[in-house]
$ cat final_37.json   # JSON, C-alpha atoms and all ligand atoms
[["chain", "number", "residue", "atom", "x", "y", "z"],
["A", 1, "GLN", "CA", 0.00, 0.00, 0.00],
["A", 2, "LEU", "CA", 2.88, 2.33, -0.77],
["A", 3, "SER", "CA", 0.98, 4.59, -3.17],
["A", 4, "GLN", "CA", -1.83, 4.84, -0.65],
["A", 5, "ARG", "CA", 0.75, 5.95, 1.91],
["A", 6, "ARG", "CA", 2.13, 8.54, -0.52],
["A", 7, "LYS", "CA", -1.35, 9.87, -1.20],
["A", 8, "MET", "CA", -1.91, 10.22, 2.53],
["A", 9, "ASP", "CA", 1.35, 12.16, 2.91],
["A", 10, "ALA", "CA", 0.41, 14.53, 0.09],
["A", 11, "LEU", "CA", -3.01, 15.05, 1.60],
["A", 12, "GLY", "CA", -1.37, 15.60, 4.96],
["A", 13, "THR", "CA", 0.50, 18.52, 3.44],
["A", 14, "LEU", "CA", -2.71, 19.85, 1.95],
["A", 15, "VAL", "CA", -4.50, 19.59, 5.27],
["A", 16, "GLY", "CA", -1.60, 21.28, 7.00],
["A", 17, "GLY", "CA", -1.88, 24.22, 4.60],
["A", 18, "LEU", "CA", -5.64, 24.41, 4.94],
["A", 19, "ALA", "CA", -5.45, 24.18, 8.71],
["A", 20, "HIS", "CA", -2.99, 27.01, 8.78],
["A", 21, "GLU", "CA", -5.18, 29.23, 6.60],
["A", 22, "LEU", "CA", -8.25, 28.42, 8.69],
["A", 23, "GLY", "CA", -6.61, 29.67, 11.85],
["A", 24, "THR", "CA", -7.08, 33.38, 11.10],
["A", 25, "PRO", "CA", -10.80, 33.45, 10.17],
["A", 26, "LEU", "CA", -11.57, 31.08, 13.03],
["A", 27, "ASN", "CA", -9.91, 33.39, 15.45],
["A", 28, "SER", "CA", -12.02, 36.36, 14.28],
["A", 29, "ILE", "CA", -15.21, 34.29, 14.54],
["A", 30, "LEU", "CA", -14.24, 33.35, 18.06],
["A", 31, "LEU", "CA", -13.45, 36.91, 19.15],
["A", 32, "LEU", "CA", -16.57, 38.38, 17.51],
["A", 33, "ALA", "CA", -18.87, 35.74, 18.95],
["A", 34, "ASP", "CA", -17.43, 36.22, 22.42],
["A", 35, "ALA", "CA", -17.79, 40.00, 22.17],
["A", 36, "ALA", "CA", -21.34, 39.83, 20.81],
["A", 37, "ALA", "CA", -22.46, 37.19, 23.30],
["A", 38, "VAL", "CA", -22.62, 39.69, 26.14],
["A", 39, "GLU", "CA", -24.82, 42.21, 24.28],
["A", 40, "PRO", "CA", -28.12, 40.95, 22.87],
["A", 41, "PRO", "CA", -31.18, 39.39, 24.52],
["A", 42, "GLU", "CA", -31.14, 35.86, 25.86],
["A", 43, "PRO", "CA", -32.04, 33.64, 22.84],
["A", 44, "ALA", "CA", -29.44, 35.23, 20.58],
["A", 45, "ARG", "CA", -26.84, 35.19, 23.34],
["A", 46, "LYS", "CA", -27.14, 31.40, 23.70],
["A", 47, "LYS", "CA", -26.56, 30.92, 19.99],
["A", 48, "LEU", "CA", -23.57, 33.23, 20.02],
["A", 49, "GLN", "CA", -22.06, 31.31, 22.91],
["A", 50, "LEU", "CA", -22.53, 28.11, 20.92],
["A", 51, "ILE", "CA", -20.88, 29.69, 17.89],
["A", 52, "GLY", "CA", -18.00, 30.69, 20.13],
["A", 53, "SER", "CA", -17.56, 27.25, 21.65],
["A", 54, "GLN", "CA", -17.78, 25.49, 18.29],
["A", 55, "ALA", "CA", -15.20, 27.90, 16.85],
["A", 56, "ARG", "CA", -12.98, 27.13, 19.82],
["A", 57, "ARG", "CA", -13.23, 23.43, 19.07],
["A", 58, "CYS", "CA", -12.40, 24.04, 15.40],
["A", 59, "GLY", "CA", -9.40, 26.01, 16.58],
["A", 60, "ASP", "CA", -8.26, 23.08, 18.72],
["A", 61, "LEU", "CA", -8.75, 20.76, 15.78],
["A", 62, "VAL", "CA", -6.69, 23.03, 13.54],
["A", 63, "ALA", "CA", -3.96, 23.05, 16.16],
["A", 64, "LEU", "CA", -4.02, 19.28, 16.31],
["A", 65, "LEU", "CA", -3.87, 18.91, 12.53],
["A", 66, "LEU", "CA", -0.94, 21.26, 12.42],
["A", 67, "GLY", "CA", 0.86, 19.02, 14.84],
["A", 68, "TYR", "CA", 1.27, 21.64, 17.49],
["A", 69, "SER", "CA", 2.40, 19.62, 20.39],
["A", 70, "SER", "CA", 2.52, 20.00, 24.13],
["A", 71, "GLY", "CA", 0.93, 23.09, 25.54],
["A", 72, "THR", "CA", -2.06, 23.13, 23.19],
["A", 73, "ALA", "CA", -5.43, 21.97, 24.37],
["A", 74, "ALA", "CA", -5.73, 19.44, 21.54],
["A", 75, "SER", "CA", -2.93, 17.06, 22.40],
["A", 76, "GLN", "CA", -2.74, 17.70, 26.10],
["A", 77, "SER", "CA", -3.21, 14.63, 28.21],
["A", 78, "ARG", "CA", -5.76, 14.76, 30.97],
["A", 79, "GLU", "CA", -7.27, 12.29, 33.31],
["A", 80, "ILE", "CA", -10.61, 11.12, 31.96],
["A", 81, "ARG", "CA", -13.24, 8.59, 32.94],
["A", 82, "TRP", "CA", -13.95, 6.45, 29.87],
["A", 83, "GLU", "CA", -17.60, 6.02, 30.74],
["A", 84, "GLU", "CA", -18.24, 9.76, 31.00],
["A", 85, "LEU", "CA", -16.19, 10.59, 27.93],
["A", 86, "ILE", "CA", -18.05, 8.07, 25.79],
["A", 87, "GLN", "CA", -21.45, 9.20, 27.08],
["A", 88, "SER", "CA", -20.73, 12.84, 26.38],
["A", 89, "CYS", "CA", -19.39, 12.16, 22.86],
["A", 90, "PHE", "CA", -22.51, 10.15, 22.14],
["A", 91, "ALA", "CA", -24.76, 12.91, 23.46],
["A", 92, "ALA", "CA", -22.96, 15.41, 21.22],
["A", 93, "VAL", "CA", -23.69, 13.47, 18.02],
["A", 94, "LYS", "CA", -26.94, 11.66, 18.74],
["A", 95, "GLY", "CA", -29.33, 14.50, 17.98],
["A", 96, "ASP", "CA", -32.87, 13.15, 17.89],
["A", 97, "ALA", "CA", -31.90, 9.79, 16.42],
["A", 98, "SER", "CA", -33.15, 6.72, 18.22],
["A", 99, "VAL", "CA", -30.03, 4.67, 18.84],
["A", 100, "ALA", "CA", -29.06, 2.86, 22.00],
["A", 101, "LEU", "CA", -25.55, 3.13, 23.41],
["A", 102, "PHE", "CA", -23.87, 0.22, 25.21],
["A", 103, "THR", "CA", -20.53, 0.78, 26.88],
["A", 104, "GLU", "CA", -18.15, -1.78, 28.31],
["A", 105, "VAL", "CA", -15.04, -0.58, 30.08],
["A", 106, "ALA", "CA", -12.80, -3.37, 31.34],
["A", 107, "PRO", "CA", -12.51, -3.52, 35.11],
["A", 108, "GLY", "CA", -9.58, -1.63, 36.60],
["A", 109, "ILE", "CA", -9.18, 0.89, 33.77],
["A", 110, "GLU", "CA", -12.12, 3.17, 34.49],
["A", 111, "THR", "CA", -9.87, 6.22, 34.42],
["A", 112, "ALA", "CA", -7.00, 6.98, 32.05],
["A", 113, "VAL", "CA", -4.59, 9.76, 31.17],
["A", 114, "VAL", "CA", -5.00, 10.41, 27.44],
["A", 115, "PRO", "CA", -5.08, 13.35, 24.97],
["A", 116, "GLU", "CA", -8.69, 14.14, 25.71],
["A", 117, "LEU", "CA", -9.55, 16.41, 22.82],
["A", 118, "ALA", "CA", -8.08, 14.08, 20.22],
["A", 119, "ILE", "CA", -9.87, 11.06, 21.68],
["A", 120, "ARG", "CA", -13.08, 13.08, 21.80],
["A", 121, "GLN", "CA", -12.85, 14.05, 18.12],
["A", 122, "ILE", "CA", -12.07, 10.46, 17.18],
["A", 123, "LEU", "CA", -14.97, 9.03, 19.18],
["A", 124, "GLU", "CA", -17.44, 11.64, 17.98],
["A", 125, "ASN", "CA", -16.63, 10.90, 14.36],
["A", 126, "LEU", "CA", -16.94, 7.15, 14.82],
["A", 127, "LEU", "CA", -20.15, 7.52, 16.80],
["A", 128, "ARG", "CA", -21.65, 9.93, 14.26],
["A", 129, "ASN", "CA", -20.98, 7.38, 11.51],
["A", 130, "ALA", "CA", -22.56, 4.66, 13.65],
["A", 131, "VAL", "CA", -25.65, 6.76, 14.38],
["A", 132, "GLN", "CA", -26.02, 7.59, 10.68],
["A", 133, "ALA", "CA", -25.51, 3.96, 9.65],
["A", 134, "THR", "CA", -28.17, 2.62, 12.01],
["A", 135, "GLN", "CA", -30.79, 5.26, 11.34],
["A", 136, "GLY", "CA", -34.25, 3.88, 10.78],
["A", 137, "ARG", "CA", -33.22, 0.33, 11.66],
["A", 138, "PRO", "CA", -35.09, -1.57, 14.32],
["A", 139, "GLN", "CA", -33.04, -2.04, 17.51],
["A", 140, "ALA", "CA", -30.46, 0.49, 16.31],
["A", 141, "GLY", "CA", -27.48, 0.28, 18.61],
["A", 142, "VAL", "CA", -23.80, 1.06, 19.02],
["A", 143, "ARG", "CA", -21.41, -0.68, 21.39],
["A", 144, "VAL", "CA", -18.21, 0.93, 22.61],
["A", 145, "GLN", "CA", -15.68, -1.28, 24.37],
["A", 146, "VAL", "CA", -12.47, -0.21, 26.05],
["A", 147, "GLU", "CA", -9.80, -2.68, 27.02],
["A", 148, "LEU", "CA", -6.15, -2.55, 27.96],
["A", 149, "ASP", "CA", -3.78, -4.75, 25.97],
["A", 150, "ARG", "CA", -1.07, -5.42, 28.54],
["A", 151, "ASP", "CA", 1.31, -6.95, 25.98],
["A", 152, "THR", "CA", 1.53, -3.81, 23.87],
["A", 153, "ASP", "CA", 0.47, -1.40, 26.62],
["A", 154, "GLU", "CA", -2.27, 0.06, 24.46],
["A", 155, "TYR", "CA", -5.88, 0.95, 25.07],
["A", 156, "GLU", "CA", -8.08, -0.80, 22.55],
["A", 157, "ILE", "CA", -11.23, 1.13, 21.84],
["A", 158, "SER", "CA", -13.76, -0.50, 19.56],
["A", 159, "VAL", "CA", -16.93, 1.01, 18.16],
["A", 160, "GLN", "CA", -19.40, -1.42, 16.69],
["A", 161, "ASP", "CA", -22.85, -0.80, 15.28],
["A", 162, "ASN", "CA", -25.63, -2.95, 13.88],
["A", 163, "GLY", "CA", -26.08, -1.04, 10.63],
["A", 164, "PRO", "CA", -25.37, -2.50, 7.18],
["A", 165, "GLY", "CA", -21.58, -2.49, 7.62],
["A", 166, "PHE", "CA", -19.00, -1.12, 5.17],
["A", 167, "SER", "CA", -19.41, -1.89, 1.51],
["A", 168, "GLU", "CA", -16.35, -3.50, -0.04],
["A", 169, "GLU", "CA", -15.36, -0.26, -1.73],
["A", 170, "ALA", "CA", -15.94, 1.83, 1.40],
["A", 171, "ARG", "CA", -13.81, -0.54, 3.46],
["A", 172, "GLU", "CA", -10.89, 0.00, 1.09],
["A", 173, "ARG", "CA", -11.32, 3.74, 0.68],
["A", 174, "ALA", "CA", -12.80, 4.85, 4.00],
["A", 175, "PHE", "CA", -9.68, 6.75, 5.13],
["A", 176, "GLU", "CA", -9.32, 8.67, 1.86],
["A", 177, "ALA", "CA", -10.11, 12.38, 2.01],
["A", 178, "PHE", "CA", -13.51, 13.16, 0.44],
["A", 179, "PHE", "CA", -14.53, 9.55, 0.04],
["A", 180, "THR", "CA", -18.19, 9.30, 0.98],
["A", 181, "THR", "CA", -21.15, 7.15, 0.04],
["A", 182, "LYS", "CA", -23.56, 9.57, 1.69],
["A", 183, "GLY", "CA", -24.13, 12.00, -1.16],
["A", 184, "PRO", "CA", -24.30, 15.77, -0.81],
["A", 185, "LEU", "CA", -27.84, 15.85, 0.58],
["A", 186, "ARG", "CA", -26.95, 13.59, 3.50],
["A", 187, "GLN", "CA", -24.28, 15.80, 5.05],
["A", 188, "GLY", "CA", -21.35, 13.60, 4.05],
["A", 189, "THR", "CA", -18.10, 15.37, 3.18],
["A", 190, "GLY", "CA", -15.99, 12.23, 3.42],
["A", 191, "LEU", "CA", -13.52, 13.91, 5.75],
["A", 192, "GLY", "CA", -14.58, 12.24, 8.99],
["A", 193, "LEU", "CA", -12.45, 9.10, 8.88],
["A", 194, "TYR", "CA", -9.66, 10.91, 7.08],
["A", 195, "VAL", "CA", -9.30, 13.31, 10.01],
["A", 196, "VAL", "CA", -9.70, 10.43, 12.45],
["A", 197, "TYR", "CA", -6.89, 8.50, 10.73],
["A", 198, "HIS", "CA", -4.51, 11.42, 11.04],
["A", 199, "MET", "CA", -5.44, 12.14, 14.64],
["A", 200, "VAL", "CA", -4.98, 8.55, 15.69],
["A", 201, "HIS", "CA", -1.50, 8.50, 14.16],
["A", 202, "GLN", "CA", -0.66, 11.87, 15.62],
["A", 203, "ILE", "CA", -1.20, 10.55, 19.12],
["A", 204, "GLY", "CA", 0.88, 7.46, 18.36],
["A", 205, "GLY", "CA", -1.98, 5.07, 17.72],
["A", 206, "ARG", "CA", -3.41, 2.99, 14.90],
["A", 207, "ILE", "CA", -6.83, 2.32, 13.50],
["A", 208, "SER", "CA", -8.40, -0.51, 11.55],
["A", 209, "ILE", "CA", -11.73, -1.51, 10.18],
["A", 210, "SER", "CA", -12.16, -4.94, 11.59],
["A", 211, "ASP", "CA", -13.80, -7.80, 9.79],
["A", 212, "ALA", "CA", -16.74, -7.97, 12.09],
["A", 213, "MET", "CA", -18.01, -11.48, 12.51],
["A", 214, "GLU", "CA", -21.55, -10.33, 12.87],
["A", 215, "GLN", "CA", -23.37, -7.89, 10.70],
["A", 216, "GLY", "CA", -22.49, -4.22, 11.11],
["A", 217, "ALA", "CA", -19.37, -2.09, 11.16],
["A", 218, "LYS", "CA", -16.58, -2.39, 13.70],
["A", 219, "ILE", "CA", -13.70, 0.03, 14.02],
["A", 220, "VAL", "CA", -10.81, -0.58, 16.36],
["A", 221, "VAL", "CA", -8.55, 2.20, 17.59],
["A", 222, "ARG", "CA", -5.40, 1.49, 19.58],
["A", 223, "VAL", "CA", -3.61, 4.22, 21.50],
["A", 224, "PRO", "CA", -0.57, 4.02, 23.76],
["A", 225, "ALA", "CA", -1.58, 3.74, 27.39],
["A", 226, "ASP", "CA", 1.79, 5.01, 28.52],
["A", 227, "ASP", "CA", 1.93, 8.77, 28.15],
["A", 228, "SER", "CA", 5.67, 8.76, 27.52],
["A", 229, "LYS", "CA", 5.21, 6.65, 24.37],
["A", 230, "ARG", "CA", 3.16, 9.32, 22.61],
["A", 231, "PRO", "CA", 5.15, 11.14, 19.95],
["A", 232, "ASP", "CA", 4.09, 14.63, 21.02],
["A", 233, "ARG", "CA", 5.44, 14.42, 24.53],
["B", 301, "LIG", "N1", -20.37, 2.79, 10.78],
["B", 301, "LIG", "C1", -20.34, 2.69, 9.44],
["B", 301, "LIG", "N2", -21.12, 1.76, 8.80],
["B", 301, "LIG", "C2", -21.09, 1.65, 7.45],
["B", 301, "LIG", "N3", -20.32, 2.42, 6.65],
["B", 301, "LIG", "C3", -19.53, 3.35, 7.22],
["B", 301, "LIG", "C4", -19.49, 3.53, 8.64],
["B", 301, "LIG", "N4", -18.60, 4.51, 8.90],
["B", 301, "LIG", "C5", -18.13, 4.93, 7.72],
["B", 301, "LIG", "N5", -18.67, 4.25, 6.70],
["B", 301, "LIG", "C6", -18.39, 4.40, 5.26],
["B", 301, "LIG", "O1", -17.18, 5.13, 5.10],
["B", 301, "LIG", "C7", -17.43, 6.34, 4.36],
["B", 301, "LIG", "C8", -16.48, 7.41, 4.84],
["B", 301, "LIG", "O2", -16.78, 7.78, 6.18],
["B", 301, "LIG", "P1", -16.38, 9.25, 6.67],
["B", 301, "LIG", "O3", -16.78, 9.38, 8.10],
["B", 301, "LIG", "O4", -14.96, 9.50, 6.32],
["B", 301, "LIG", "O5", -17.24, 10.20, 5.74],
["B", 301, "LIG", "P2", -18.80, 10.50, 5.79],
["B", 301, "LIG", "O6", -19.38, 10.00, 7.08],
["B", 301, "LIG", "O7", -19.39, 9.98, 4.53],
["B", 301, "LIG", "O8", -18.83, 12.08, 5.78],
["B", 301, "LIG", "P3", -18.42, 13.04, 7.00],
["B", 301, "LIG", "O9", -17.86, 12.20, 8.10],
["B", 301, "LIG", "O10", -17.39, 13.95, 6.44],
["B", 301, "LIG", "O11", -19.68, 13.73, 7.39],
["B", 301, "LIG", "C9", -18.90, 6.63, 4.58],
["B", 301, "LIG", "O12", -19.45, 7.44, 3.56],
["B", 301, "LIG", "C10", -19.48, 5.21, 4.59],
["B", 301, "LIG", "O13", -19.62, 4.70, 3.29],
["B", 302, "MG", "MG", -18.48, 10.47, 8.96]]
$ encode --input "final_37.json" --output "C-alpha cells"
Amino acid sequence: QLSQRRKMDALGTLVGGLAHELGTPLNSILLLADAAAVEPPEPARKKLQLIGSQARRCGDLVALLLGYSSGTAASQSREIRWEELIQSCFAAVKGDASVALFTEVAPGIETAVVPELAIRQILENLLRNAVQATQGRPQAGVRVQVELDRDTDEYEISVQDNGPGFSEEARERAFEAFFTTKGPLRQGTGLGLYVVYHMVHQIGGRISISDAMEQGAKIVVRVPADDSKRPDR
C-alpha cells in the first residue's frame, strides 16, 4: 500500500496548509462571537455562545492537525473517565436519532490519562458514523468497548454498530479524504475518517476496520496507554 501511503502524505501537506489558513478566520469568529455574546437578549446570546464554543473546538482541531504539540489543548493529556467521555461524545452526536448506546469498560481501567480532545474528536466521528448507519433500523445500537492490551500497553477502543456495515469499496477507501457514500444531501463530506486517521496517528496510535463477525461495522482504535510513548510528549 505504498501509493496509498504517498497519497496520505500529500493530503497531509494539503490539510496542514488548509489548517494554517483556517486559523485566522476562526480566530475572528471566536473573538466576535465572544464579544457579541454579552450584548443581545437571551435567545441570541445562547446561539452566540454556541458559535463561540464550536469555533474554539475548530481552533483546537486546527492546532491538532498542524501538529502543534505539548501546551495546546488538543494534544494535552488529561485524566478522563472512559464512561463519562463516551457518554458525552454520544450525546454530542446523537441528535434526535433513536439509537441505544452500550458501553463496556474493562474492570480496573475506568480512568486513564489520554489526549482528551483528540480522543473526543475520534470518538465523535466514529459515533456519528454509527448513528447515521443505524438510522431507521429496528433495535439500532452502538457498542463501545475499552480494554487494555497489557502486551503492547495500548488501550483498545472499539466502536461497533448494527447497521449494514462497510461496503467493499468503502472498506478500502474509508480513510481517503472526500470519500463518501452519503451523497451531498446527507451531510457527508468524506472527511470524517480521514481526520480520524490522522489524529490517531498523531497521538501514536493505529486504526483498523475490523472484519466484524456479525453484521455491522466495527472500528478498532489502539492508543498508547503510557503517556511517555506518545510522539508529542
Ligand atoms: N459505521 C459505518 N457503517 C457503514 N459504513 C460506514 C461507517 N462509517 C463509515 N462508513 C463508510 O465510510 C465512508 C467514509 O466515512 P467518513 O466518516 O470519512 O465520511 P462521511 O461519514 O461519509 O462524511 P463526514 O464524516 O465527512 O460527514 C462513509 O461514507 C461510509 O460509506
Ligand atoms: Mg463520517
$ atom_distance --input "final_37.json" --atom1 "CA of Arg128 in chain A" --atom2 "CA of Gln145 in chain A"
16.2 Å
$ closest_residue --input "final_37.json" --among "A:Ile203, A:Ala44, A:Leu193, A:Ala92" --to "ligand MG 302 (chain B)" --atoms "only C-alpha atoms and all ligand atoms"
A:Leu193
$ residues_around --input "final_37.json" --residues "Gly192 in chain A" --least-positions-apart "2" --cutoff "12 Å" --atoms "all atoms listed in the file" --output "PyMOL selection string"
chain A and resi 121-130+174-180+182+187-190+194-199
$ write_last_selection --input "final_37.json" --atoms "C-alpha atoms" --output "CSV table (one decimal), in the coordinates of the input"
chain,number,residue,atom,x,y,z
A,121,GLN,CA,-12.8,14.0,18.1
A,122,ILE,CA,-12.1,10.5,17.2
A,123,LEU,CA,-15.0,9.0,19.2
A,124,GLU,CA,-17.4,11.6,18.0
A,125,ASN,CA,-16.6,10.9,14.4
A,126,LEU,CA,-16.9,7.2,14.8
A,127,LEU,CA,-20.2,7.5,16.8
A,128,ARG,CA,-21.6,9.9,14.3
A,129,ASN,CA,-21.0,7.4,11.5
A,130,ALA,CA,-22.6,4.7,13.6
A,174,ALA,CA,-12.8,4.8,4.0
A,175,PHE,CA,-9.7,6.8,5.1
A,176,GLU,CA,-9.3,8.7,1.9
A,177,ALA,CA,-10.1,12.4,2.0
A,178,PHE,CA,-13.5,13.2,0.4
A,179,PHE,CA,-14.5,9.6,0.0
A,180,THR,CA,-18.2,9.3,1.0
A,182,LYS,CA,-23.6,9.6,1.7
A,187,GLN,CA,-24.3,15.8,5.0
A,188,GLY,CA,-21.4,13.6,4.0
A,189,THR,CA,-18.1,15.4,3.2
A,190,GLY,CA,-16.0,12.2,3.4
A,194,TYR,CA,-9.7,10.9,7.1
A,195,VAL,CA,-9.3,13.3,10.0
A,196,VAL,CA,-9.7,10.4,12.4
A,197,TYR,CA,-6.9,8.5,10.7
A,198,HIS,CA,-4.5,11.4,11.0
A,199,MET,CA,-5.4,12.1,14.6
$ residues_near_point --input "final_37.json" --point "(-3.9, 15.0, 28.5)" --cutoff "7 Å" --atoms "only C-alpha atoms" --output "list in words"
Ser75, Gln76, Ser77, Arg78, Glu79, Val113, Val114, Pro115 and Glu116 of chain A
$ residues_around --input "final_37.json" --residues "range 157-170 of chain A" --least-positions-apart "3" --cutoff "6 Å" --atoms "all atoms listed in the file" --output "list in words"
Ala130, Ala133, Thr134, Gly141, Val142, Arg143, Val144, Gln145, Val146, Arg173, Ala174, Gly216, Ala217, Lys218, Ile219, Val220 and Val221 of chain A
$ atom_distance --input "final_37.json" --atom1 "CA of Ala97 in chain A" --atom2 "atom C5 of ligand LIG 301 (chain B)"
17.0 Å
$ atom_distance --input "final_37.json" --atom1 "CA of Leu85 in chain A" --atom2 "atom O12 of ligand LIG 301 (chain B)"
24.8 Å
$ decode --input "final_37.json" --residues "range 107-128 of chain A" --atoms "N, CA, C and O atoms" --output "mmCIF file, in the first residue's frame"
data_model
loop_
_atom_site.group_PDB
_atom_site.id
_atom_site.type_symbol
_atom_site.label_atom_id
_atom_site.label_comp_id
_atom_site.auth_asym_id
_atom_site.auth_seq_id
_atom_site.Cartn_x
_atom_site.Cartn_y
_atom_site.Cartn_z
ATOM 1 N N PRO A 107 -12.727 -3.852 33.708
ATOM 2 C CA PRO A 107 -12.511 -3.520 35.114
ATOM 3 C C PRO A 107 -11.072 -3.094 35.384
ATOM 4 O O PRO A 107 -10.142 -3.645 34.794
ATOM 5 N N GLY A 108 -10.919 -2.083 36.210
ATOM 6 C CA GLY A 108 -9.582 -1.634 36.596
ATOM 7 C C GLY A 108 -9.025 -0.513 35.746
ATOM 8 O O GLY A 108 -7.991 0.069 36.068
ATOM 9 N N ILE A 109 -9.693 -0.196 34.610
ATOM 10 C CA ILE A 109 -9.182 0.892 33.766
ATOM 11 C C ILE A 109 -10.233 1.982 33.579
ATOM 12 O O ILE A 109 -10.297 2.627 32.534
ATOM 13 N N GLU A 110 -11.038 2.189 34.607
ATOM 14 C CA GLU A 110 -12.119 3.174 34.492
ATOM 15 C C GLU A 110 -11.609 4.574 34.188
ATOM 16 O O GLU A 110 -12.244 5.344 33.476
ATOM 17 N N THR A 111 -10.447 4.917 34.733
ATOM 18 C CA THR A 111 -9.866 6.224 34.418
ATOM 19 C C THR A 111 -8.581 6.024 33.625
ATOM 20 O O THR A 111 -7.967 4.960 33.679
ATOM 21 N N ALA A 112 -8.216 7.063 32.855
ATOM 22 C CA ALA A 112 -6.997 6.978 32.049
ATOM 23 C C ALA A 112 -6.461 8.380 31.832
ATOM 24 O O ALA A 112 -7.214 9.361 31.912
ATOM 25 N N VAL A 113 -5.165 8.473 31.543
ATOM 26 C CA VAL A 113 -4.588 9.762 31.172
ATOM 27 C C VAL A 113 -4.291 9.723 29.681
ATOM 28 O O VAL A 113 -3.408 8.998 29.233
ATOM 29 N N VAL A 114 -5.093 10.451 28.904
ATOM 30 C CA VAL A 114 -5.004 10.410 27.439
ATOM 31 C C VAL A 114 -5.226 11.815 26.874
ATOM 32 O O VAL A 114 -5.748 12.685 27.564
ATOM 33 N N PRO A 115 -4.828 12.039 25.606
ATOM 34 C CA PRO A 115 -5.083 13.350 24.973
ATOM 35 C C PRO A 115 -6.593 13.491 24.744
ATOM 36 O O PRO A 115 -7.119 13.017 23.752
ATOM 37 N N GLU A 116 -7.234 14.160 25.668
ATOM 38 C CA GLU A 116 -8.692 14.138 25.707
ATOM 39 C C GLU A 116 -9.343 14.675 24.440
ATOM 40 O O GLU A 116 -10.260 14.065 23.894
ATOM 41 N N LEU A 117 -8.869 15.806 23.960
ATOM 42 C CA LEU A 117 -9.551 16.405 22.821
ATOM 43 C C LEU A 117 -9.444 15.535 21.571
ATOM 44 O O LEU A 117 -10.401 15.374 20.819
ATOM 45 N N ALA A 118 -8.265 14.961 21.374
ATOM 46 C CA ALA A 118 -8.081 14.080 20.222
ATOM 47 C C ALA A 118 -9.000 12.865 20.321
ATOM 48 O O ALA A 118 -9.698 12.511 19.368
ATOM 49 N N ILE A 119 -9.032 12.244 21.484
ATOM 50 C CA ILE A 119 -9.873 11.059 21.677
ATOM 51 C C ILE A 119 -11.342 11.430 21.477
ATOM 52 O O ILE A 119 -12.130 10.680 20.892
ATOM 53 N N ARG A 120 -11.710 12.609 21.940
ATOM 54 C CA ARG A 120 -13.083 13.079 21.801
ATOM 55 C C ARG A 120 -13.462 13.224 20.317
ATOM 56 O O ARG A 120 -14.518 12.776 19.887
ATOM 57 N N GLN A 121 -12.571 13.856 19.553
ATOM 58 C CA GLN A 121 -12.854 14.050 18.124
ATOM 59 C C GLN A 121 -12.947 12.703 17.413
ATOM 60 O O GLN A 121 -13.780 12.501 16.529
ATOM 61 N N ILE A 122 -12.071 11.788 17.788
ATOM 62 C CA ILE A 122 -12.069 10.457 17.182
ATOM 63 C C ILE A 122 -13.385 9.747 17.488
ATOM 64 O O ILE A 122 -14.085 9.269 16.586
ATOM 65 N N LEU A 123 -13.740 9.720 18.774
ATOM 66 C CA LEU A 123 -14.969 9.028 19.182
ATOM 67 C C LEU A 123 -16.210 9.666 18.564
ATOM 68 O O LEU A 123 -17.123 8.967 18.115
ATOM 69 N N GLU A 124 -16.250 10.979 18.536
ATOM 70 C CA GLU A 124 -17.438 11.640 17.982
ATOM 71 C C GLU A 124 -17.626 11.290 16.514
ATOM 72 O O GLU A 124 -18.739 11.054 16.057
ATOM 73 N N ASN A 125 -16.534 11.253 15.771
ATOM 74 C CA ASN A 125 -16.634 10.904 14.355
ATOM 75 C C ASN A 125 -17.104 9.474 14.156
ATOM 76 O O ASN A 125 -17.949 9.203 13.302
ATOM 77 N N LEU A 126 -16.546 8.560 14.954
ATOM 78 C CA LEU A 126 -16.938 7.150 14.820
ATOM 79 C C LEU A 126 -18.391 6.963 15.247
ATOM 80 O O LEU A 126 -19.156 6.223 14.616
ATOM 81 N N LEU A 127 -18.778 7.653 16.317
ATOM 82 C CA LEU A 127 -20.155 7.520 16.796
ATOM 83 C C LEU A 127 -21.151 8.169 15.841
ATOM 84 O O LEU A 127 -22.251 7.657 15.629
ATOM 85 N N ARG A 128 -20.766 9.282 15.229
ATOM 86 C CA ARG A 128 -21.652 9.930 14.256
ATOM 87 C C ARG A 128 -21.897 8.988 13.069
ATOM 88 O O ARG A 128 -23.023 8.819 12.620
#
